[in-house]
$ cat upload_23.txt   # compact mmCIF, C-alpha atoms
# COMPACT_ATOMS: atom_id res chain seq x y z
CA MET A 14 21.66 6.94 -11.44
CA ALA A 15 19.84 4.45 -9.25
CA ASP A 16 20.02 4.74 -5.48
CA TYR A 17 19.52 1.06 -4.78
CA SER A 18 20.80 -2.05 -6.48
CA CYS A 19 18.96 -5.32 -6.41
CA LEU A 20 20.15 -8.83 -7.27
CA VAL A 21 17.50 -11.15 -8.73
CA VAL A 22 18.43 -14.83 -8.49
CA GLU A 23 16.14 -17.12 -10.51
CA ASP A 24 16.83 -20.04 -12.79
CA SER A 25 13.63 -19.57 -14.85
CA PRO A 26 14.19 -16.92 -17.56
CA MET A 27 10.46 -16.31 -17.63
CA MET A 28 10.32 -15.57 -13.91
CA ARG A 29 13.49 -13.54 -14.04
CA GLN A 30 11.98 -11.39 -16.75
CA LEU A 31 8.77 -10.96 -14.78
CA LEU A 32 10.65 -9.96 -11.63
CA VAL A 33 12.85 -7.52 -13.52
CA PHE A 34 9.73 -5.99 -15.03
CA ALA A 35 8.11 -5.65 -11.61
CA LEU A 36 11.21 -4.11 -10.04
CA ALA A 37 11.59 -1.72 -12.97
CA ARG A 38 8.32 -0.14 -11.80
CA ILE A 39 10.23 1.16 -8.78
CA LYS A 40 12.28 4.20 -9.60
CA ARG A 41 15.73 4.41 -8.05
CA ILE A 42 16.37 0.69 -8.35
CA SER A 43 18.78 -1.01 -10.72
CA VAL A 44 18.56 -4.77 -11.20
CA THR A 45 21.26 -7.37 -11.77
CA GLU A 46 20.29 -10.93 -12.70
CA ALA A 47 21.79 -14.24 -11.63
CA GLU A 48 20.77 -17.70 -12.85
CA ASP A 49 21.47 -19.67 -9.69
CA GLY A 50 23.10 -19.49 -6.27
CA VAL A 51 26.67 -19.81 -7.55
CA ASP A 52 26.15 -17.10 -10.15
CA ALA A 53 24.66 -14.95 -7.39
CA LEU A 54 27.67 -15.39 -5.11
CA ARG A 55 29.95 -14.40 -7.97
CA LYS A 56 28.00 -11.23 -8.49
CA LEU A 57 27.81 -10.50 -4.77
CA ALA A 58 31.58 -10.76 -4.55
CA GLY A 59 31.96 -8.13 -7.24
CA ALA A 60 29.49 -5.51 -6.08
CA ARG A 61 27.48 -4.20 -3.17
CA PHE A 62 23.76 -4.87 -3.31
CA ASP A 63 20.98 -3.33 -1.27
CA LEU A 64 18.48 -6.13 -1.81
CA VAL A 65 18.48 -9.77 -2.91
CA VAL A 66 15.41 -11.47 -4.41
CA THR A 67 15.88 -15.18 -4.79
CA ASP A 68 14.04 -18.34 -5.73
CA ILE A 69 14.56 -21.47 -3.65
CA ASN A 70 14.49 -24.33 -6.13
CA MET A 71 17.48 -23.74 -8.37
CA PRO A 72 20.14 -26.03 -9.76
CA ILE A 73 23.74 -26.06 -8.48
CA MET A 74 22.95 -24.01 -5.36
CA ASP A 75 19.45 -23.55 -4.05
CA GLY A 76 18.07 -20.37 -2.51
CA LEU A 77 18.24 -21.49 1.11
CA LYS A 78 21.96 -22.27 0.85
CA LEU A 79 22.40 -18.92 -0.82
CA VAL A 80 20.65 -17.16 2.08
CA LYS A 81 22.97 -18.89 4.54
CA ARG A 82 26.02 -17.84 2.58
CA ILE A 83 24.84 -14.26 2.31
CA ARG A 84 24.21 -14.03 6.04
CA SER A 85 27.76 -15.15 6.73
CA ASP A 86 29.24 -12.64 4.30
CA GLU A 87 30.54 -9.52 6.06
CA THR A 88 29.55 -7.15 3.24
CA HIS A 89 26.02 -8.44 2.75
CA LYS A 90 25.12 -9.99 6.08
CA ASP A 91 22.47 -7.36 6.72
CA VAL A 92 21.11 -7.01 3.20
CA PRO A 93 17.35 -7.60 3.00
CA ILE A 94 16.47 -10.89 1.30
CA ILE A 95 13.13 -11.71 -0.29
CA ILE A 96 12.38 -15.35 -1.11
CA ILE A 97 10.05 -15.94 -4.08
CA THR A 98 9.08 -19.57 -4.46
CA THR A 99 6.49 -22.16 -5.38
CA GLU A 100 6.97 -23.78 -1.95
CA GLY A 101 3.97 -22.65 0.02
CA SER A 102 4.02 -24.62 3.24
CA THR A 103 4.37 -22.98 6.63
CA GLU A 104 7.41 -25.15 7.34
CA ASP A 105 9.17 -23.91 4.19
CA ARG A 106 8.42 -20.34 5.16
CA GLN A 107 9.64 -20.81 8.72
CA ARG A 108 12.83 -22.50 7.55
CA ALA A 109 13.61 -19.65 5.18
CA MET A 110 12.89 -16.97 7.78
CA ALA A 111 14.98 -18.84 10.36
CA LEU A 112 17.92 -18.78 7.97
CA GLY A 113 17.64 -15.03 7.72
CA ALA A 114 15.22 -14.18 4.92
CA ASN A 115 13.24 -10.99 5.50
CA ALA A 116 10.20 -11.83 3.39
CA TYR A 117 8.66 -14.89 1.77
CA ILE A 118 6.44 -14.51 -1.29
CA THR A 119 4.86 -17.49 -3.02
CA LYS A 120 4.41 -17.95 -6.75
CA PRO A 121 2.61 -17.15 -8.89
CA ILE A 122 3.61 -13.64 -7.91
CA GLN A 123 1.57 -10.49 -8.03
CA ALA A 124 3.81 -7.59 -8.97
CA PRO A 125 2.07 -5.06 -6.70
CA GLN A 126 2.77 -7.34 -3.74
CA VAL A 127 6.45 -7.68 -4.65
CA ILE A 128 6.76 -3.93 -5.23
CA GLN A 129 5.17 -3.16 -1.87
CA LYS A 130 7.49 -5.55 -0.02
CA VAL A 131 10.59 -4.14 -1.74
CA LYS A 132 9.56 -0.59 -0.87
CA GLU A 133 8.93 -1.66 2.71
CA LEU A 134 12.34 -3.30 3.10
CA LEU A 135 14.22 -0.45 1.43
CA LYS A 136 12.11 2.10 3.30
CA LEU A 137 10.98 3.80 0.10
CA GLU A 138 7.77 5.81 -0.13
CA MET B 1 -37.26 108.89 89.51
CA SER B 2 -35.38 108.46 92.75
CA ASP B 3 -31.70 108.00 93.24
CA GLY B 4 -32.35 104.54 94.38
CA ASP B 5 -33.99 103.72 91.16
CA SER B 6 -31.20 105.32 89.23
CA ASP B 7 -28.65 103.40 91.25
CA GLU B 8 -30.67 100.28 90.65
CA ARG B 9 -30.76 101.21 87.08
CA ASP B 10 -27.04 101.98 87.11
CA ASP B 11 -26.38 98.64 88.79
CA ARG B 12 -28.56 96.84 86.29
CA SER B 13 -27.00 98.66 83.39
CA SER B 14 -23.50 97.87 84.61
CA GLU B 15 -24.59 94.19 85.03
CA ARG B 16 -26.19 94.02 81.54
CA PRO B 17 -23.04 94.80 79.62
CA ALA B 18 -21.24 92.08 81.63
CA ASP B 19 -24.07 89.65 80.92
CA LEU B 20 -24.14 90.63 77.30
CA SER B 21 -20.46 90.35 77.06
CA ARG B 22 -20.59 86.90 78.63
CA GLU B 23 -23.49 85.94 76.44
CA ARG B 24 -21.75 87.33 73.47
CA GLU B 25 -18.64 85.45 74.32
CA SER B 26 -20.63 82.41 75.05
CA PHE B 27 -22.45 82.83 71.78
CA VAL B 28 -19.25 83.42 69.89
CA ARG B 29 -17.66 80.45 71.60
CA GLN B 30 -20.67 78.39 70.86
CA PHE B 31 -20.75 79.71 67.36
CA LEU B 32 -17.14 78.99 66.88
CA ARG B 33 -17.55 75.60 68.47
CA LYS B 34 -20.43 74.88 66.19
CA GLY B 35 -18.38 76.22 63.37
CA VAL B 36 -15.53 73.94 64.30
CA GLU B 37 -17.91 71.06 64.77
CA LEU B 38 -19.48 71.86 61.45
CA THR B 39 -16.12 72.18 59.84
CA GLU B 40 -14.97 68.94 61.41
CA SER B 41 -18.18 67.36 60.32
CA LEU B 42 -17.69 68.70 56.84
CA ILE B 43 -14.14 67.47 56.85
CA GLU B 44 -15.33 64.10 58.00
CA ASP B 45 -18.01 64.09 55.37
CA ASN B 46 -15.46 65.15 52.82
CA LYS B 47 -13.16 62.36 53.91
CA SER B 48 -15.98 59.93 53.76
CA LEU B 49 -17.05 61.18 50.39
CA ARG B 50 -13.50 60.99 49.09
CA SER B 51 -13.29 57.50 50.40
CA ASP B 52 -16.60 56.66 48.78
CA LEU B 53 -15.42 58.29 45.62
CA ALA B 54 -12.21 56.32 45.65
CA GLU B 55 -14.19 53.17 46.32
CA ALA B 56 -16.56 54.05 43.53
CA GLN B 57 -13.67 54.70 41.21
CA ARG B 58 -12.13 51.41 42.16
CA GLU B 59 -15.44 49.73 41.58
CA ILE B 60 -15.70 51.44 38.21
CA ALA B 61 -12.23 50.36 37.33
CA ARG B 62 -13.03 46.86 38.43
CA LEU B 63 -16.20 46.82 36.41
CA ARG B 64 -14.39 48.27 33.45
CA ALA B 65 -11.79 45.58 33.80
CA GLN B 66 -14.50 43.01 34.04
CA VAL B 67 -16.27 44.38 31.03
CA ALA B 68 -13.00 44.45 29.17
CA SER B 69 -12.35 40.93 30.36
CA ASP B 70 -15.83 39.90 29.30
CA ASP B 71 -15.17 41.55 25.97
CA ALA B 72 -11.87 39.73 25.80
CA ILE B 73 -13.60 36.51 26.66
CA ARG B 74 -16.25 37.21 24.09
CA ASP B 75 -13.53 37.93 21.55
CA LEU B 76 -11.75 34.78 22.50
CA LEU B 77 -14.95 32.82 22.29
CA ARG B 78 -15.59 34.29 18.87
CA LYS B 79 -12.08 33.41 17.82
CA ILE B 80 -12.47 29.91 19.20
CA GLU B 81 -15.69 29.55 17.28
CA GLY B 82 -13.96 30.78 14.15
CA LEU B 83 -11.06 28.41 14.71
CA GLU B 84 -13.43 25.51 15.26
CA VAL B 85 -15.18 26.26 12.00
CA GLU B 86 -11.78 26.42 10.32
CA ARG B 87 -10.71 23.22 12.06
CA ASN B 88 -13.84 21.42 10.90
CA LYS B 89 -13.22 22.64 7.36
CA LEU B 90 -9.62 21.43 7.56
CA LEU B 91 -10.74 18.08 8.95
CA GLU B 92 -13.23 17.79 6.15
CA ARG B 93 -10.60 18.71 3.62
CA SER B 94 -8.14 16.31 5.22
CA SER B 95 -10.75 13.56 5.03
CA GLU B 96 -11.41 14.39 1.37
CA LEU B 97 -7.68 14.30 0.68
CA GLU B 98 -7.38 10.98 2.50
CA ASP B 99 -10.22 9.61 0.39
CA ALA B 100 -8.59 10.96 -2.75
CA THR B 101 -5.26 9.46 -1.69
CA ARG B 102 -6.90 6.12 -1.00
CA ARG B 103 -8.63 6.22 -4.38
CA THR B 104 -5.37 7.14 -6.07
CA GLU B 105 -3.51 4.38 -4.24
CA HIS B 106 -6.22 1.94 -5.18
CA ARG B 107 -6.10 3.06 -8.78
CA ASN B 108 -2.30 2.83 -8.77
CA PHE B 109 -2.61 -0.68 -7.43
CA GLU B 110 -5.09 -1.54 -10.19
CA VAL B 111 -2.80 -0.03 -12.81
CA GLU B 112 0.18 -1.96 -11.46
CA GLN B 113 -1.90 -5.11 -11.49
CA GLU B 114 -2.97 -4.50 -15.09
CA LEU B 115 0.62 -3.87 -16.10
CA HIS B 116 1.64 -7.05 -14.34
CA ASP B 117 -1.06 -9.00 -16.17
CA LEU B 118 0.07 -7.56 -19.50
CA ALA B 119 3.66 -8.41 -18.62
CA ASN B 120 2.56 -11.98 -17.90
CA LEU B 121 0.95 -12.26 -21.32
CA TYR B 122 3.83 -10.64 -23.15
CA ILE B 123 6.41 -12.80 -21.41
CA ALA B 124 4.39 -15.97 -21.97
CA SER B 125 3.98 -15.23 -25.66
CA SER B 126 7.54 -14.12 -26.25
CA HIS B 127 8.99 -17.18 -24.53
CA LEU B 128 6.70 -19.59 -26.36
CA HIS B 129 7.88 -18.21 -29.68
CA SER B 130 11.49 -17.64 -28.66
CA THR B 131 12.56 -21.14 -29.66
CA LEU B 132 12.16 -23.41 -32.64
CA SER B 133 12.96 -26.48 -30.60
CA ALA B 134 9.99 -28.65 -29.67
CA ARG B 135 11.65 -29.46 -26.35
CA GLY B 136 12.19 -25.76 -25.80
CA VAL B 137 8.56 -24.92 -26.54
CA THR B 138 7.38 -27.70 -24.22
CA ARG B 139 9.77 -26.56 -21.50
CA HIS B 140 8.49 -23.00 -21.80
CA LEU B 141 4.94 -24.26 -21.74
CA LYS B 142 5.58 -26.17 -18.51
CA GLU B 143 7.37 -23.21 -16.98
CA LEU B 144 4.50 -20.93 -17.93
CA LEU B 145 1.99 -23.25 -16.29
CA GLN B 146 4.06 -23.56 -13.12
CA GLN B 147 5.46 -20.08 -12.69
CA LEU B 148 2.71 -17.90 -14.10
CA VAL B 149 -0.44 -19.94 -13.52
CA GLY B 150 0.73 -21.79 -10.42
CA ALA B 151 -0.20 -25.22 -11.76
CA GLU B 152 1.20 -28.03 -9.62
CA ALA B 153 -0.08 -31.08 -11.51
CA PHE B 154 -0.80 -30.88 -15.22
CA ALA B 155 -0.45 -32.75 -18.47
CA ILE B 156 -0.12 -31.63 -22.09
CA TYR B 157 -1.72 -33.75 -24.79
CA LEU B 158 -1.35 -33.67 -28.58
CA LEU B 159 -3.56 -35.46 -31.08
CA ASP B 160 -1.96 -37.80 -33.53
CA SER B 161 -2.04 -37.02 -37.22
CA ALA B 162 -5.33 -38.90 -37.58
CA GLY B 163 -6.88 -36.94 -34.77
CA SER B 164 -8.08 -40.15 -33.17
CA ILE B 165 -6.06 -40.24 -30.01
CA ALA B 166 -4.28 -37.66 -27.84
CA ARG B 167 -1.04 -38.69 -26.17
CA PRO B 168 0.59 -36.90 -23.25
CA ILE B 169 3.79 -35.17 -24.39
CA ALA B 170 4.62 -33.56 -21.08
CA GLN B 171 3.47 -33.72 -17.48
CA ASP B 172 4.40 -32.54 -14.03
CA GLY B 173 3.20 -33.29 -10.53
CA PHE B 174 2.33 -36.94 -11.26
CA GLY B 175 5.51 -38.48 -10.01
CA SER B 176 6.44 -41.52 -12.01
CA GLU B 177 2.85 -42.28 -12.90
CA ALA B 178 2.42 -42.82 -16.61
CA LEU B 179 -0.49 -41.06 -18.13
CA ALA B 180 -2.92 -42.79 -20.41
CA SER B 181 -3.87 -41.44 -23.82
CA VAL B 182 -7.25 -39.86 -24.33
CA ARG B 183 -9.72 -40.24 -27.14
CA PRO B 184 -11.70 -37.24 -28.38
CA GLY B 185 -15.10 -37.29 -26.73
CA GLU B 186 -14.03 -39.41 -23.78
CA GLY B 187 -14.09 -37.72 -20.42
CA ALA B 188 -13.52 -34.06 -19.75
CA ILE B 189 -10.28 -33.90 -21.73
CA GLY B 190 -11.78 -35.75 -24.66
CA GLU B 191 -14.78 -33.44 -24.66
CA VAL B 192 -12.55 -30.39 -24.95
CA LEU B 193 -10.53 -32.05 -27.71
CA MET B 194 -13.75 -32.52 -29.62
CA THR B 195 -15.43 -29.19 -28.98
CA GLY B 196 -12.44 -26.89 -28.77
CA VAL B 197 -14.18 -25.13 -25.88
CA PRO B 198 -12.17 -24.63 -22.68
CA ARG B 199 -13.48 -26.13 -19.46
CA VAL B 200 -12.45 -24.20 -16.38
CA HIS B 201 -14.03 -24.73 -12.98
CA ASP B 202 -14.83 -21.55 -11.10
CA ARG B 203 -13.35 -22.99 -7.95
CA VAL B 204 -9.85 -24.43 -7.89
CA ASP B 205 -10.62 -26.95 -5.17
CA VAL B 206 -13.13 -28.83 -7.33
CA GLY B 207 -12.24 -32.01 -9.16
CA GLY B 208 -8.54 -32.53 -9.35
CA THR B 209 -8.51 -35.83 -11.27
CA LEU B 210 -7.80 -36.75 -14.85
CA ASP B 211 -11.48 -37.48 -15.27
CA ASN B 212 -12.35 -34.06 -13.89
CA PRO B 213 -9.46 -31.63 -14.08
CA ILE B 214 -9.95 -28.16 -12.65
CA ALA B 215 -9.14 -26.77 -16.10
CA VAL B 216 -8.83 -28.17 -19.61
CA ILE B 217 -7.58 -25.79 -22.27
CA PRO B 218 -7.70 -26.76 -25.94
CA LEU B 219 -4.64 -26.07 -28.08
CA MET B 220 -6.14 -24.55 -31.18
CA VAL B 221 -5.00 -24.01 -34.73
CA ARG B 222 -7.63 -21.84 -36.31
CA ASP B 223 -10.84 -23.53 -35.20
CA ARG B 224 -9.42 -27.01 -34.75
CA ALA B 225 -8.22 -28.46 -31.45
CA VAL B 226 -4.93 -30.26 -31.93
CA GLY B 227 -4.28 -30.92 -28.28
CA ALA B 228 -5.17 -29.92 -24.76
CA ILE B 229 -3.65 -28.92 -21.45
CA ALA B 230 -5.25 -30.49 -18.39
CA ILE B 231 -4.56 -28.86 -15.03
CA LEU B 232 -5.38 -31.10 -12.10
CA SER B 233 -4.25 -28.97 -9.19
CA LEU B 234 -2.65 -25.67 -8.29
CA PHE B 235 -0.02 -24.92 -5.66
CA ARG B 236 -1.62 -24.85 -2.22
CA GLN B 237 -1.04 -21.11 -1.83
CA LYS B 238 -3.16 -20.37 -4.90
CA GLU B 239 -6.72 -20.51 -3.65
CA VAL B 240 -8.53 -18.77 -6.48
CA TRP B 241 -8.01 -18.10 -10.16
CA ALA B 242 -6.34 -14.78 -10.91
CA ALA B 243 -7.92 -12.45 -13.46
CA VAL B 244 -4.93 -12.97 -15.75
CA ASP B 245 -5.32 -16.77 -15.75
CA ARG B 246 -8.21 -16.72 -18.23
CA GLU B 247 -6.17 -14.48 -20.50
CA LEU B 248 -3.20 -16.83 -20.17
CA PHE B 249 -5.44 -19.76 -21.08
CA ASN B 250 -6.62 -17.88 -24.19
CA LEU B 251 -3.03 -17.16 -25.11
CA LEU B 252 -1.95 -20.73 -24.54
CA GLY B 253 -4.91 -21.94 -26.52
CA SER B 254 -3.97 -19.83 -29.53
CA HIS B 255 -0.16 -19.73 -29.35
CA ALA B 256 1.03 -23.01 -27.89
CA ALA B 257 -0.06 -25.19 -30.77
CA THR B 258 1.39 -22.87 -33.43
CA ALA B 259 4.67 -22.71 -31.54
CA LEU B 260 4.79 -26.51 -31.41
CA ILE B 261 3.92 -26.79 -35.08
CA ALA B 262 6.61 -24.26 -36.01
CA ALA B 263 9.14 -26.14 -33.91
CA ASN B 264 8.10 -29.48 -35.41
CA LEU B 265 8.35 -28.21 -38.98
CA TYR B 266 11.66 -26.54 -38.28
CA ALA B 267 13.00 -29.79 -36.85
CA GLU B 268 12.42 -31.42 -40.24
CA ALA B 269 14.15 -28.64 -42.15
CA GLU B 270 17.88 -28.39 -42.60
CA GLY B 271 18.32 -25.06 -40.98
CA PRO B 272 16.45 -21.77 -41.13
CA LEU B 273 17.00 -21.04 -44.79
CA ALA B 274 15.78 -24.48 -45.78
CA ALA B 275 12.79 -23.95 -43.56
CA LEU B 276 11.95 -20.84 -45.58
CA ARG B 277 12.15 -22.68 -48.90
CA GLY B 278 8.99 -22.24 -50.94
CA ILE B 279 7.68 -19.41 -48.83
CA ASP B 280 7.38 -17.19 -51.91
CA ASP B 281 4.74 -19.51 -53.24
CA HIS B 282 2.80 -19.37 -50.00
CA LEU B 283 3.01 -15.57 -49.92
CA THR B 284 1.61 -15.24 -53.43
CA GLN B 285 -1.09 -17.80 -52.94
CA THR B 286 -4.60 -16.51 -52.40
CA SER B 287 -6.12 -18.58 -49.65
$ encode --input "upload_23.txt" --output "structure tokens"
Amino acid sequence: MADYSCLVVEDSPMMRQLLVFALARIKRISVTEAEDGVDALRKLAGARFDLVVTDINMPIMDGLKLVKRIRSDETHKDVPIIIITTEGSTEDRQRAMALGANAYITKPIQAPQVIQKVKELLKLE
Amino acid sequence: MSDGDSDERDDRSSERPADLSRERESFVRQFLRKGVELTESLIEDNKSLRSDLAEAQREIARLRAQVASDDAIRDLLRKIEGLEVERNKLLERSSELEDATRRTEHRNFEVEQELHDLANLYIASSHLHSTLSARGVTRHLKELLQQLVGAEAFAIYLLDSAGSIARPIAQDGFGSEALASVRPGEGAIGEVLMTGVPRVHDRVDVGGTLDNPIAVIPLMVRDRAVGAIAILSLFRQKEVWAAVDRELFNLLGSHAATALIAANLYAEAEGPLAALRGIDDHLTQTS
């Protein structure tokens, strides 16, 4: 049984699959997938997550709105959030961090970098 | 002898015993006094000697203590020396272990990176072939270029049935700008269409125009280019090509065209079973 549960929010099936593969390299983590911000909120309402990994540019509800909603949710307001996005400007990064994201990783991702950041935020060895 | 002489002699002899007695007494007193003095002197000497002896014993004890202390110090110094040798060995061992740990961590990182690269290729391939819709294949192709390669501006060209002109079938990062068709042999894209040889600049900040894209990848069917992907720019955060990019280009070059062809042929069939009609003949044919 996994010790930590992670919610991956990404509208691209290809990226979702890549992220799930990367996170599967970390023992003790189980992964749930969501296709967009609304789907993510539905899943967050039904379970407790220890980590959220989300894209920004998604249909219906983008990642930044999702971060805001998570930070105002009593159950998940302190959950670590990693943004993974193609938006690479300093302004985008600052905006995301100001909304409450804990880490900002740009695409194309490197799995070792994602794994290291996840371990850091969950305080895993 | 006269009486006078005998009286004199009697007087002298009665005086002599008194003198002798006094002398004797005096002698005895003197002797005794000397004896006492000698005894006192001996006692004093004895006292002094005892004192010297005690002092000497104390000195011996002190020296013994010092020697013991020196021995203790020597022992301690020997122990310290031994501990320092041990400490140096432990430091050396610790340093070796740190090096080994660093090498292991580095190797783990390399392994994770290799796994990630393989995952990229597997995912790219599986998604390209996961659909028999031409739109679906094109969408996957675009997604692959954006998400896995980090391409910001790119165009995908396919040659017409005559092979005389390549038209853009998909693009991104050009805004509303309409792309022109390309003839084989004309410009960088045309050159790749003709030769079937990819053109990839070592640096990603070179070129960046349709005349000189940073990468042009031919879409191959066997040894024939049927199209090309031209990448004009990457996302700003991607400053160099990743090792997996060349492998992705090889994969795209060999899989994208066949996926498009499969989707195109399937679109003309009336369902999957119809699409398989006549396959027996193809399987028995010797090519």
$ residues_around --input "upload_23.txt" --residues "range 56-66 of chain A" --least-positions-apart "4" --cutoff "8 Å" --atoms "all atoms listed in the file" --output "PyMOL selection string"
chain A and resi 17-22+47+52+88-89+92-97+135
$ interface_residues --input "upload_23.txt" --of "chain A" --to "chain B" --cutoff "12 Å" --atoms "all atoms listed in the file" --output "ChimeraX atom specification"
/A:23-39,68,70,97-103,106,118-129
$ atom_distance --input "upload_23.txt" --atom1 "CA of Val216 in chain B" --atom2 "CA of Asn264 in chain B"
23.2 Å
$ atom_distance --input "upload_23.txt" --atom1 "CA of Gly113 in chain A" --atom2 "CA of Asp75 in chain A"
14.6 Å
$ atom_distance --input "upload_23.txt" --atom1 "CA of Ile60 in chain B" --atom2 "CA of Leu77 in chain B"
24.5 Å
$ residues_around --input "upload_23.txt" --residues "Ala15 in chain A" --least-positions-apart "2" --cutoff "10 Å" --atoms "only C-alpha atoms" --output "ChimeraX atom specification"
/A:17-18,40-44
$ residues_near_point --input "upload_23.txt" --point "(18.3, -18.4, 0.5)" --cutoff "7 Å" --atoms "all atoms listed in the file" --output "PDB file with C-alpha atoms, keeping the file's coordinate frame"
ATOM      1  CA  THR A  67      15.880 -15.180  -4.790  1.00  0.00           C
ATOM      2  CA  ILE A  69      14.560 -21.470  -3.650  1.00  0.00           C
ATOM      3  CA  ASP A  75      19.450 -23.550  -4.050  1.00  0.00           C
ATOM      4  CA  GLY A  76      18.070 -20.370  -2.510  1.00  0.00           C
ATOM      5  CA  LEU A  77      18.240 -21.490   1.110  1.00  0.00           C
ATOM      6  CA  LYS A  78      21.960 -22.270   0.850  1.00  0.00           C
ATOM      7  CA  LEU A  79      22.400 -18.920  -0.820  1.00  0.00           C
ATOM      8  CA  VAL A  80      20.650 -17.160   2.080  1.00  0.00           C
ATOM      9  CA  LYS A  81      22.970 -18.890   4.540  1.00  0.00           C
ATOM     10  CA  ILE A  96      12.380 -15.350  -1.110  1.00  0.00           C
ATOM     11  CA  ALA A 109      13.610 -19.650   5.180  1.00  0.00           C
ATOM     12  CA  ALA A 114      15.220 -14.180   4.920  1.00  0.00           C
TER      13      ALA A 114
END
$ closest_residue --input "upload_23.txt" --among "B:Arg203, B:Arg103, B:Arg167, B:His282" --to "Gly227 in chain B" --atoms "only C-alpha atoms"
B:Arg167
